[in-house]
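**Q** Sharing model-v9.tsv, TSV, C-alpha atoms:
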chain	number	residue	atom	x	y	z
I	199	MET	CA	-34.48	-22.55	1.74
I	200	ALA	CA	-36.90	-19.65	1.93
I	201	GLY	CA	-36.38	-16.76	-0.43
I	202	VAL	CA	-34.71	-13.59	0.79
I	203	SER	CA	-34.95	-10.02	-0.40
I	204	PRO	CA	-32.21	-8.51	-2.60
I	205	ASN	CA	-31.31	-6.02	0.11
I	206	ASP	CA	-30.72	-8.66	2.79
I	207	SER	CA	-29.29	-11.63	0.94
I	208	ALA	CA	-25.99	-13.09	-0.06
I	209	ILE	CA	-24.86	-11.47	-3.29
I	210	SER	CA	-22.33	-13.06	-5.58
I	211	VAL	CA	-19.40	-10.97	-6.69
I	212	ALA	CA	-19.01	-11.09	-10.45
I	213	THR	CA	-15.43	-12.04	-11.20
I	214	SER	CA	-13.29	-12.61	-14.25
I	215	SER	CA	-11.31	-15.81	-14.48
I	216	LEU	CA	-7.61	-15.99	-15.18
I	217	ASP	CA	-6.52	-18.39	-17.88
I	218	LYS	CA	-3.31	-20.36	-17.55
I	219	THR	CA	-1.32	-17.67	-19.37
I	220	THR	CA	-2.39	-14.92	-16.99
I	221	THR	CA	-0.58	-14.12	-13.79
I	222	SER	CA	-2.85	-14.65	-10.81
I	223	PRO	CA	-3.08	-12.09	-8.00
I	224	ALA	CA	-1.29	-14.50	-5.70
I	225	GLU	CA	1.54	-14.99	-8.19
I	226	HIS	CA	1.62	-11.23	-8.78
I	227	ALA	CA	2.06	-10.63	-5.07
I	228	ARG	CA	4.97	-13.04	-5.00
I	229	THR	CA	6.68	-11.68	-8.12
I	230	LYS	CA	6.20	-8.04	-7.17
I	231	SER	CA	8.17	-8.57	-3.96
I	232	LYS	CA	11.94	-8.50	-4.25
I	233	SER	CA	12.09	-12.06	-2.97
I	234	ASN	CA	9.95	-15.03	-2.02
I	235	SER	CA	11.42	-14.88	1.47
I	236	PRO	CA	11.65	-11.99	3.91
I	237	THR	CA	15.24	-12.87	4.76
I	238	PHE	CA	16.87	-13.39	1.34
I	239	PRO	CA	17.28	-10.69	-1.34
I	240	ILE	CA	16.79	-13.06	-4.30
I	241	PRO	CA	14.16	-15.74	-5.03
I	242	TYR	CA	14.66	-19.17	-3.48
I	243	SER	CA	15.03	-20.84	-6.89
I	244	GLN	CA	18.03	-18.62	-7.68
I	245	LEU	CA	19.91	-19.46	-4.49
I	246	SER	CA	22.79	-21.90	-4.46
I	247	LEU	CA	22.17	-25.34	-2.95
I	248	GLU	CA	24.07	-24.24	0.14
I	249	GLU	CA	21.96	-21.08	0.49
I	250	GLN	CA	18.76	-23.07	-0.04
I	251	ALA	CA	19.80	-25.48	2.70
I	252	ALA	CA	20.51	-22.56	5.02
I	253	GLN	CA	17.10	-21.02	4.32
I	254	ASP	CA	15.35	-24.36	4.82
I	255	ALA	CA	17.09	-24.79	8.18
I	256	GLU	CA	16.11	-21.25	9.23
I	257	ASN	CA	12.48	-21.92	8.25
I	258	GLU	CA	12.37	-25.20	10.16
I	259	ALA	CA	13.93	-23.57	13.23
I	260	ALA	CA	11.40	-20.75	13.06
I	261	VAL	CA	8.43	-23.13	12.99
I	262	GLN	CA	9.86	-25.16	15.89
I	263	GLN	CA	10.75	-22.16	18.06
I	264	ALA	CA	7.39	-20.50	17.41
I	265	GLN	CA	5.70	-23.55	18.96
I	266	ASP	CA	8.17	-23.82	21.84
I	267	GLU	CA	10.11	-20.83	23.15
I	268	ILE	CA	11.68	-18.18	20.91
I	269	ASP	CA	15.38	-17.47	21.33
I	270	ILE	CA	16.04	-13.80	22.15
I	271	ASP	CA	18.53	-11.77	20.13
I	272	SER	CA	20.39	-9.85	22.81
I	273	GLY	CA	21.41	-7.24	20.24
I	274	ALA	CA	17.92	-6.77	18.80
I	275	ASP	CA	17.31	-3.23	17.62
I	276	ALA	CA	14.40	-1.55	15.93
I	277	GLN	CA	16.63	-0.80	12.92
I	278	SER	CA	18.10	-4.29	12.58
I	279	VAL	CA	15.61	-5.40	9.92
I	280	SER	CA	14.92	-3.35	6.81
I	281	ASP	CA	11.35	-2.36	6.05
I	282	ALA	CA	11.95	-3.24	2.41
I	283	GLY	CA	11.40	-6.93	3.14
I	284	TYR	CA	7.65	-6.80	3.66
I	285	GLU	CA	6.05	-5.15	0.66
I	286	THR	CA	2.41	-6.15	0.25
I	287	ASP	CA	-0.08	-5.98	-2.58
I	288	SER	CA	-3.39	-4.26	-2.13
I	289	LEU	CA	-5.78	-6.54	-4.00
I	290	GLY	CA	-8.10	-3.85	-5.25
I	291	SER	CA	-11.84	-3.55	-5.12
I	292	ALA	CA	-14.78	-5.71	-6.10
I	293	SER	CA	-16.57	-5.88	-9.43
I	294	THR	CA	-18.93	-3.03	-10.30
I	295	SER	CA	-21.66	-5.56	-11.03
I	296	ILE	CA	-22.42	-5.91	-7.32
I	297	SER	CA	-25.75	-4.49	-6.24
I	298	SER	CA	-25.46	-0.82	-5.31
I	299	SER	CA	-27.06	-1.49	-1.92
I	300	VAL	CA	-24.13	-3.73	-1.04
I	301	ARG	CA	-21.42	-1.64	-2.70
I	302	ASP	CA	-22.40	1.43	-0.68
I	303	PHE	CA	-20.25	2.05	2.37
I	304	THR	CA	-20.84	3.99	5.55
I	305	PHE	CA	-18.34	6.42	7.07
I	306	GLU	CA	-17.73	7.03	10.76
I	307	ASN	CA	-14.99	9.09	12.43
I	308	GLY	CA	-13.20	9.40	9.11
I	309	ARG	CA	-13.03	5.63	8.42
I	310	ARG	CA	-15.03	3.54	5.94
I	311	TYR	CA	-17.17	0.60	7.13
I	312	HIS	CA	-19.37	-2.00	5.43
I	313	ARG	CA	-22.97	-1.05	4.59
I	314	PHE	CA	-24.36	-4.60	4.20
I	315	ARG	CA	-25.83	-5.46	7.64
I	316	GLU	CA	-24.26	-2.32	8.96
I	317	GLY	CA	-22.59	-2.52	12.39
I	318	GLN	CA	-22.24	-6.31	12.44
I	319	TYR	CA	-18.46	-5.91	12.09
I	320	ASN	CA	-16.87	-3.17	14.17
I	321	PHE	CA	-13.78	-2.50	12.06
I	322	PRO	CA	-13.17	-0.54	8.84
I	323	ASN	CA	-12.68	-1.92	5.32
I	324	ASP	CA	-10.93	0.99	3.57
I	325	ASP	CA	-7.73	0.72	1.53
I	326	SER	CA	-5.31	1.08	4.44
I	327	GLU	CA	-7.12	-1.68	6.35
I	328	GLN	CA	-7.02	-3.93	3.27
I	329	GLU	CA	-3.27	-3.46	3.03
I	330	ARG	CA	-2.97	-4.35	6.72
I	331	GLU	CA	-5.01	-7.51	6.13
I	332	ASP	CA	-2.71	-8.56	3.29
I	333	MET	CA	0.31	-7.99	5.52
I	334	LYS	CA	-1.31	-10.28	8.10
I	335	HIS	CA	-1.52	-12.96	5.42
I	336	ALA	CA	2.18	-12.53	4.60
I	337	MET	CA	3.02	-12.77	8.30
I	338	MET	CA	0.99	-15.96	8.70
I	339	VAL	CA	2.54	-17.66	5.68
I	340	ASN	CA	6.07	-16.80	6.85
I	341	LEU	CA	5.33	-18.03	10.37
I	342	CYS	CA	3.45	-21.23	9.51
I	343	GLN	CA	5.11	-21.99	6.15
I	344	GLN	CA	1.75	-23.29	4.82
I	345	LEU	CA	-1.82	-22.19	4.14
I	346	HIS	CA	-3.63	-24.86	6.19
I	347	PHE	CA	-3.04	-27.64	8.71
I	348	ALA	CA	-6.15	-29.77	8.23
I	349	PRO	CA	-5.15	-33.01	6.46
I	350	LEU	CA	-7.01	-32.41	3.21
I	351	LYS	CA	-7.26	-34.96	0.45
I	352	GLU	CA	-5.02	-34.54	-2.58
I	353	ASN	CA	-7.92	-33.17	-4.65
I	354	PRO	CA	-10.41	-31.47	-2.30
I	355	GLY	CA	-13.77	-30.38	-3.72
I	356	ASN	CA	-15.74	-27.53	-2.15
I	357	ILE	CA	-13.92	-25.13	0.18
I	358	LEU	CA	-15.43	-22.24	2.18
I	359	ASP	CA	-13.36	-19.32	3.49
I	360	MET	CA	-15.36	-17.51	6.19
I	361	GLY	CA	-14.58	-13.81	6.52
I	362	THR	CA	-12.38	-13.88	3.43
I	363	GLY	CA	-11.44	-10.17	3.63
I	364	THR	CA	-9.35	-9.24	0.60
I	365	GLY	CA	-9.61	-12.84	-0.62
I	366	ILE	CA	-5.88	-13.50	-0.73
I	367	TRP	CA	-6.07	-16.81	1.17
I	368	ALA	CA	-8.91	-18.06	-1.03
I	369	ILE	CA	-7.01	-17.11	-4.18
I	370	GLU	CA	-3.85	-18.89	-3.08
I	371	MET	CA	-5.87	-21.97	-2.11
I	372	GLY	CA	-7.45	-21.92	-5.56
I	373	ASP	CA	-3.97	-21.87	-7.08
I	374	LEU	CA	-2.77	-24.64	-4.77
I	375	TYR	CA	-5.78	-26.91	-5.40
I	376	PRO	CA	-6.98	-26.51	-9.02
I	377	SER	CA	-9.55	-29.25	-8.43
I	378	ALA	CA	-11.27	-27.31	-5.67
I	379	ASN	CA	-14.15	-24.85	-5.85
I	380	VAL	CA	-13.24	-22.11	-3.36
I	381	LEU	CA	-15.94	-19.75	-2.06
I	382	GLY	CA	-14.90	-16.70	-0.03
I	383	VAL	CA	-17.63	-15.01	2.03
I	384	ASP	CA	-17.41	-11.58	3.65
I	385	LEU	CA	-19.58	-8.64	4.68
I	386	SER	CA	-17.48	-6.29	2.53
I	387	PRO	CA	-17.18	-6.41	-1.29
I	388	ILE	CA	-13.44	-5.67	-1.30
I	389	GLN	CA	-12.14	-8.70	-3.20
I	390	PRO	CA	-10.32	-8.48	-6.56
I	391	GLU	CA	-12.09	-8.87	-9.87
I	392	TRP	CA	-9.48	-11.08	-11.52
I	393	VAL	CA	-9.32	-14.45	-9.78
I	394	PRO	CA	-8.54	-18.08	-10.66
I	395	PRO	CA	-11.46	-19.80	-12.44
I	396	ASN	CA	-12.17	-21.99	-9.39
I	397	VAL	CA	-12.53	-19.08	-6.94
I	398	GLN	CA	-15.73	-17.13	-6.25
I	399	PHE	CA	-16.62	-14.42	-3.74
I	400	MET	CA	-19.95	-13.68	-2.12
I	401	VAL	CA	-21.16	-10.85	0.13
I	402	ASP	CA	-22.91	-12.49	3.06
I	403	ASP	CA	-22.94	-12.86	6.83
I	404	VAL	CA	-21.62	-16.26	7.99
I	405	GLU	CA	-23.73	-15.92	11.14
I	406	SER	CA	-26.88	-15.99	8.99
I	407	PRO	CA	-28.25	-19.23	7.47
I	408	TRP	CA	-25.84	-20.61	4.88
I	409	LEU	CA	-27.02	-20.74	1.29
I	410	LYS	CA	-25.24	-23.92	0.21
I	411	PRO	CA	-26.90	-27.26	1.02
I	412	THR	CA	-25.96	-29.47	3.95
I	413	ASN	CA	-23.13	-32.01	3.50
I	414	TYR	CA	-21.66	-29.74	0.80
I	415	TYR	CA	-18.17	-28.62	1.87
I	416	ASP	CA	-15.00	-30.70	2.11
I	417	TYR	CA	-13.25	-28.00	4.11
I	418	VAL	CA	-14.38	-24.88	6.01
I	419	HIS	CA	-11.73	-22.34	6.99
I	420	GLY	CA	-11.76	-19.24	9.16
I	421	ARG	CA	-8.90	-16.93	10.10
I	422	HIS	CA	-8.78	-13.72	12.17
I	423	THR	CA	-12.54	-13.91	12.80
I	424	VAL	CA	-12.57	-13.91	16.61
I	425	MET	CA	-13.20	-10.15	16.75
I	426	ALA	CA	-16.32	-10.50	14.61
I	427	ILE	CA	-18.24	-13.66	15.56
I	428	LYS	CA	-20.89	-13.27	18.27
I	429	ASN	CA	-22.43	-16.76	18.41
I	430	TRP	CA	-19.68	-19.38	18.15
I	431	PRO	CA	-21.79	-22.44	19.11
I	432	GLN	CA	-24.26	-21.61	16.35
I	433	LEU	CA	-21.45	-21.13	13.82
I	434	MET	CA	-19.85	-24.43	14.85
I	435	SER	CA	-23.17	-26.23	14.36
I	436	ARG	CA	-23.61	-24.68	10.92
I	437	ALA	CA	-20.10	-25.69	9.87
I	438	LEU	CA	-20.71	-29.26	11.05
I	439	GLU	CA	-24.06	-29.41	9.27
I	440	HIS	CA	-22.72	-28.16	5.94
I	441	LEU	CA	-19.53	-30.23	5.89
I	442	LYS	CA	-19.50	-33.60	4.18
I	443	PRO	CA	-18.92	-36.59	6.49
I	444	GLY	CA	-15.16	-36.73	7.01
I	445	GLY	CA	-14.77	-33.05	6.08
I	446	TRP	CA	-12.56	-30.68	8.05
I	447	PHE	CA	-13.14	-27.42	9.93
I	448	GLU	CA	-10.11	-25.24	10.68
I	449	LEU	CA	-9.76	-22.00	12.62
I	450	GLN	CA	-6.58	-19.92	12.79
I	451	GLU	CA	-7.09	-17.36	15.52
I	452	ILE	CA	-4.73	-15.15	17.51
I	453	HIS	CA	-5.43	-14.46	21.18
I	454	HIS	CA	-4.94	-10.70	21.12
I	455	TYR	CA	-3.31	-10.18	24.47
I	456	PRO	CA	0.48	-9.82	24.86
I	457	GLN	CA	2.40	-12.47	26.78
I	458	CYS	CA	6.05	-12.98	27.69
I	459	HIS	CA	8.15	-16.05	28.37
I	460	ASP	CA	10.66	-14.00	30.36
I	461	GLY	CA	8.30	-11.68	32.24
I	462	SER	CA	9.71	-8.58	30.53
I	463	MET	CA	6.29	-6.91	30.03
I	464	PRO	CA	4.79	-5.40	33.21
I	465	GLN	CA	1.07	-5.98	33.72
I	466	ASP	CA	0.44	-2.23	33.55
I	467	HIS	CA	2.35	-1.78	30.28
I	468	LEU	CA	0.36	0.44	27.90
I	469	VAL	CA	0.16	-2.25	25.21
I	470	ALA	CA	-1.42	-4.61	27.75
I	471	GLN	CA	-3.78	-1.84	28.89
I	472	TYR	CA	-4.79	-1.18	25.29
I	473	TRP	CA	-5.76	-4.81	24.61
I	474	GLY	CA	-7.58	-5.01	27.91
I	475	LEU	CA	-9.72	-2.05	26.86
I	476	VAL	CA	-10.33	-3.57	23.40
I	477	THR	CA	-11.54	-6.77	25.06
I	478	GLN	CA	-13.83	-4.80	27.40
I	479	ALA	CA	-15.25	-2.67	24.56
I	480	LEU	CA	-15.98	-5.63	22.31
I	481	GLY	CA	-17.57	-7.45	25.24
I	482	ASN	CA	-19.95	-4.51	25.62
I	483	LEU	CA	-20.79	-4.96	21.92
I	484	GLY	CA	-21.52	-8.69	22.25
I	485	VAL	CA	-18.17	-10.08	21.07
I	486	ASN	CA	-16.08	-12.35	23.31
I	487	PHE	CA	-12.53	-11.37	22.31
I	488	ASN	CA	-11.12	-14.17	24.48
I	489	ALA	CA	-13.10	-16.81	22.57
I	490	THR	CA	-9.90	-18.14	20.95
I	491	LEU	CA	-9.05	-19.89	24.22
I	492	PHE	CA	-12.30	-21.89	24.16
I	493	LEU	CA	-12.79	-22.70	20.46
I	494	SER	CA	-11.30	-26.20	20.63
I	495	ASP	CA	-13.73	-27.19	23.38
I	496	MET	CA	-16.56	-25.62	21.41
I	497	MET	CA	-15.60	-27.77	18.41
I	498	ARG	CA	-15.85	-30.90	20.54
I	499	ASP	CA	-19.15	-29.78	22.06
I	500	ALA	CA	-20.54	-29.17	18.56
I	501	GLY	CA	-19.76	-32.78	17.59
I	502	PHE	CA	-16.41	-32.56	15.81
I	503	THR	CA	-13.95	-35.40	16.31
I	504	ASN	CA	-10.15	-35.63	16.00
I	505	VAL	CA	-9.90	-32.07	17.33
I	506	THR	CA	-6.32	-30.82	17.55
I	507	THR	CA	-4.76	-27.53	18.63
I	508	ARG	CA	-1.34	-26.24	17.68
I	509	VAL	CA	-0.07	-22.99	19.21
I	510	PHE	CA	2.45	-20.68	17.55
I	511	HIS	CA	3.94	-17.71	19.40
I	512	VAL	CA	3.80	-14.60	17.20
I	513	PRO	CA	6.58	-12.23	18.33
I	514	ILE	CA	5.91	-8.50	18.63
I	515	GLY	CA	9.01	-6.69	17.40
I	516	VAL	CA	12.46	-7.70	16.24
I	517	TRP	CA	13.71	-9.31	19.46
I	518	PRO	CA	13.87	-12.94	18.18
I	519	LYS	CA	17.27	-14.29	17.16
I	520	ASN	CA	15.91	-16.42	14.31
I	521	LYS	CA	15.81	-14.38	11.09
I	522	ILE	CA	12.39	-15.63	10.01
I	523	LEU	CA	10.86	-14.91	13.42
I	524	LYS	CA	12.60	-11.54	13.55
I	525	THR	CA	10.88	-10.59	10.29
I	526	VAL	CA	7.56	-12.08	11.44
I	527	GLY	CA	7.89	-9.92	14.56
I	528	LEU	CA	8.52	-6.84	12.44
I	529	TYR	CA	5.46	-7.66	10.31
I	530	TRP	CA	3.28	-8.23	13.38
I	531	ARG	CA	4.40	-5.08	15.21
I	532	THR	CA	3.79	-3.06	12.04
I	533	ILE	CA	0.34	-4.64	11.68
I	534	LEU	CA	-0.53	-3.86	15.30
I	535	ILE	CA	0.75	-0.27	15.17
I	536	ASP	CA	-0.99	0.40	11.86
I	537	GLY	CA	-4.10	-1.19	13.36
I	538	LEU	CA	-4.16	0.86	16.56
I	539	GLN	CA	-6.77	3.30	15.32
I	540	PRO	CA	-8.93	0.97	13.17
I	541	ILE	CA	-9.03	-1.63	15.96
I	542	ALA	CA	-9.82	0.86	18.73
I	543	LEU	CA	-11.94	3.53	17.10
I	544	GLY	CA	-15.18	1.62	16.55
I	545	PRO	CA	-15.15	-0.42	19.80
I	546	PHE	CA	-13.99	2.48	22.01
I	547	THR	CA	-16.54	4.97	20.66
I	548	ARG	CA	-19.39	2.46	20.35
I	549	GLY	CA	-18.63	0.20	23.31
I	550	LEU	CA	-16.91	2.48	25.83
I	551	GLY	CA	-18.48	5.82	24.93
I	552	TRP	CA	-15.14	7.52	24.26
I	553	SER	CA	-14.87	10.47	21.89
I	554	LYS	CA	-12.64	10.23	18.84
I	555	GLU	CA	-10.31	12.78	20.46
I	556	GLN	CA	-9.97	10.68	23.62
I	557	VAL	CA	-9.06	7.64	21.53
I	558	GLU	CA	-6.45	9.51	19.51
I	559	VAL	CA	-4.72	10.96	22.60
I	560	PHE	CA	-4.52	7.52	24.24
I	561	LEU	CA	-3.13	5.91	21.09
I	562	VAL	CA	-0.17	8.32	20.91
I	563	GLU	CA	1.34	6.76	24.02
I	564	VAL	CA	0.42	3.19	23.06
I	565	ARG	CA	2.19	3.66	19.72
I	566	LYS	CA	5.36	4.67	21.56
I	567	ALA	CA	5.05	1.70	23.95
I	568	TYR	CA	5.12	-0.79	21.05
I	569	MET	CA	8.72	0.33	20.39
I	570	ASP	CA	9.99	-0.78	23.83
I	571	ASN	CA	12.67	-3.20	22.65
I	572	TRP	CA	13.32	-4.46	26.18
I	573	VAL	CA	9.89	-6.09	26.10
I	574	HIS	CA	10.01	-9.60	24.57
I	575	SER	CA	6.30	-10.09	24.05
I	576	HIS	CA	4.29	-12.30	21.76
I	577	MET	CA	0.68	-13.27	21.05
I	578	PRO	CA	-0.39	-16.93	20.82
I	579	LEU	CA	-1.80	-18.13	17.50
I	580	HIS	CA	-4.11	-21.12	17.90
I	581	ILE	CA	-4.50	-23.47	14.92
I	582	MET	CA	-7.55	-25.67	15.60
I	583	CYS	CA	-8.78	-28.47	13.37
I	584	GLY	CA	-11.81	-30.75	13.77
I	585	GLN	CA	-13.37	-33.41	11.57
I	586	LYS	CA	-17.03	-34.19	10.95
I	587	PRO	CA	-17.70	-37.83	11.87
I	588	MET	CA	-17.99	-40.26	8.98
Translate the structure described by the file into structure tokens.
**A**
Amino acid sequence: MAGVSPNDSAISVATSSLDKTTTSPAEHARTKSKSNSPTFPIPYSQLSLEEQAAQDAENEAAVQQAQDEIDIDSGADAQSVSDAGYETDSLGSASTSISSSVRDFTFENGRRYHRFREGQYNFPNDDSEQEREDMKHAMMVNLCQQLHFAPLKENPGNILDMGTGTGIWAIEMGDLYPSANVLGVDLSPIQPEWVPPNVQFMVDDVESPWLKPTNYYDYVHGRHTVMAIKNWPQLMSRALEHLKPGGWFELQEIHHYPQCHDGSMPQDHLVAQYWGLVTQALGNLGVNFNATLFLSDMMRDAGFTNVTTRVFHVPIGVWPKNKILKTVGLYWRTILIDGLQPIALGPFTRGLGWSKEQVEVFLVEVRKAYMDNWVHSHMPLHIMCGQKPM
């Protein structure tokens, strides 16, 4: 591959490995929380057999309902679930050994954005956004009960996490598969310094040529990337090219538009209006925010085989009857409310020509609308897996 200049290349993040006696960031996140589950006040291992069975049944019911139709709790109330159940860990910042040209950030409308290939990603990367990203990870793990759905071998080799963000998924995969070499790639150097010895982070743009050789990865993973990728067919081709024969490509993407099984959200509801404007603004900036609905077909068109799609319904709010889904809904509503400004500010000012003041005034009413407990809305999460032919 042709050489590239230091100011426009992938830059490895210097990290320090954790030995077996050191608590990993993933383990730290689990032990810092009051419990391993959002619905039980003590760790699973300390529950009685009867309590463990009850939790297992609740988890299984949550996974099943999320893929079918969620039962509504007729007495659901905004105060029915305590906020104390969803503490998250901010995973800190990257190593100071990163090149200063990459570590520099740019600021716009009071929020911090990446400097490396500035403007490629339209959302901030400051501390509050990192905490929101980690909460999204906690929501996903509680909803899906697992980190991946691709049928990986018992001892996978090379794993790529596209758009790794804070790196929490990559770190937990490194813990789960000690045999694997996990590489997390992102435009922002916001990953932790202390990581498992088999995890590495790199500052790069996944829509640029990949630095690893072809037929290199056993598994390529992407999650919450639909608001960033501009050329999906090209990315699919790159993933196919760099996977080993028989390797797996998995995308976990939410279609960010509220839906209802019971028709309780009017089409002109402010939350629906908000997401319609986000989609329009990103479209003006070259990003198809509805791409989630077409990714499975794109996988097939790129040449992947054994393509499967599994859809989970992510509730917005505490209206589900199932305790796990009620907590997932609380997580997701909190994530969406906390994300109102960071999601809208860049796209609305860059793509719609709004002023910061116009955005802020609009968001006041949208924030209130998210608390409408009579609305039983959700967003579909698409889990898509495809295999490179042997």
**Q** Show me a table, sorted first by chain and then by increasing residue number, of the residues of stretch 346-382 of chain I having an atom at most 8 Å from stretch 331-337 of chain I, each with its shortest atom pair and the distance in Å to one decimal, counting all atoms listed in the file and written as a tab-separated table.
**A**
residue	atom	partner	partner_atom	distance
I:Gly363	CA	I:Glu331	CA	7.4
I:Thr364	CA	I:Asp332	CA	7.2
I:Ile366	CA	I:Asp332	CA	7.1
I:Trp367	CA	I:His335	CA	7.3
**Q** Using Å and a single decimal, report how far atom CA of I:Ala368 sits from atom CA of I:Tyr414.
**A**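 Between atom CA of I:Tyr414 and atom CA of I:Ala368 the gap works out to 17.4 Å.
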**Q** Identify which of the residues I:Tyr415, I:Phe510, I:Tyr568, I:Trp552 lies closest to I:Val261, counting only C-alpha atoms when measuring atom-to-atom distances.
**A**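 Smallest separation from I:Val261 among the options: I:Phe510.
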**Q** I want to know what sits within 8 Å of I:Asp384, based on only C-alpha atoms, with residues of the same chain fewer than 3 positions away left out; could you give that as a PyMOL selection string?
**A** chain I and resi 360-363+387+399-404
**Q** Take atom CA of I:Phe492 and atom CA of I:Ile581 and report the distance between them in Å, one decimal.
**A**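 Atom CA of I:Ile581 lies 12.2 Å from atom CA of I:Phe492.
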**Q** Looking at I:Val505, I:Val573, I:Val469, I:Asp460, which one is nearest to I:Phe560, with distances taken over all atoms listed in the file?
**A**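 Between I:Val505, I:Val573, I:Val469, I:Asp460, the residue approaching I:Phe560 most closely is I:Val469.
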**Q** Take atom CA of I:Trp473 and atom CA of I:Val564 and report the distance between them in Å, one decimal.
**A** 10.2 Å
**Q** Would you mind listing what lies within 10 Å of I:Asn429 as a compact mmCIF listing (two decimals) with C-alpha atoms, in the coordinates of the input, with all atoms listed in the file counted and same-chain residues fewer than 5 positions away left out?
**A**
# COMPACT_ATOMS: atom_id res chain seq x y z
CA GLU I 405 -23.73 -15.92 11.14
CA MET I 434 -19.85 -24.43 14.85
CA GLY I 484 -21.52 -8.69 22.25
CA VAL I 485 -18.17 -10.08 21.07
CA ASN I 486 -16.08 -12.35 23.31
**Q** Using all atoms listed in the file, which residues sit within 9 Å of I:His467 once same-chain residues fewer than 4 positions away are excluded, as a VMD selection string?
**A** chain I and resid 463 471 to 472 564 567
**Q** If you count only C-alpha atoms, which residues fall within 12 Å of I:Arg565, apart from same-chain ones fewer than 6 positions away, as a list in words?
**A**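 Those residues are His467, Leu468, Val469, Tyr472, Arg531, Thr532, Ile533, Leu534, Ile535, Asp536, Gly537, Leu538, Gln539, Glu558 and Val559 of chain I.
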**Q** So, with all atoms listed in the file as the atoms that count, which of I:Glu391, I:Glu327, I:Asn396, I:Thr423 lies closest to I:Asp373?
**A**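 Checking each of I:Glu391, I:Glu327, I:Asn396, I:Thr423 against I:Asp373, counting all atoms listed in the file, the winner is I:Asn396.
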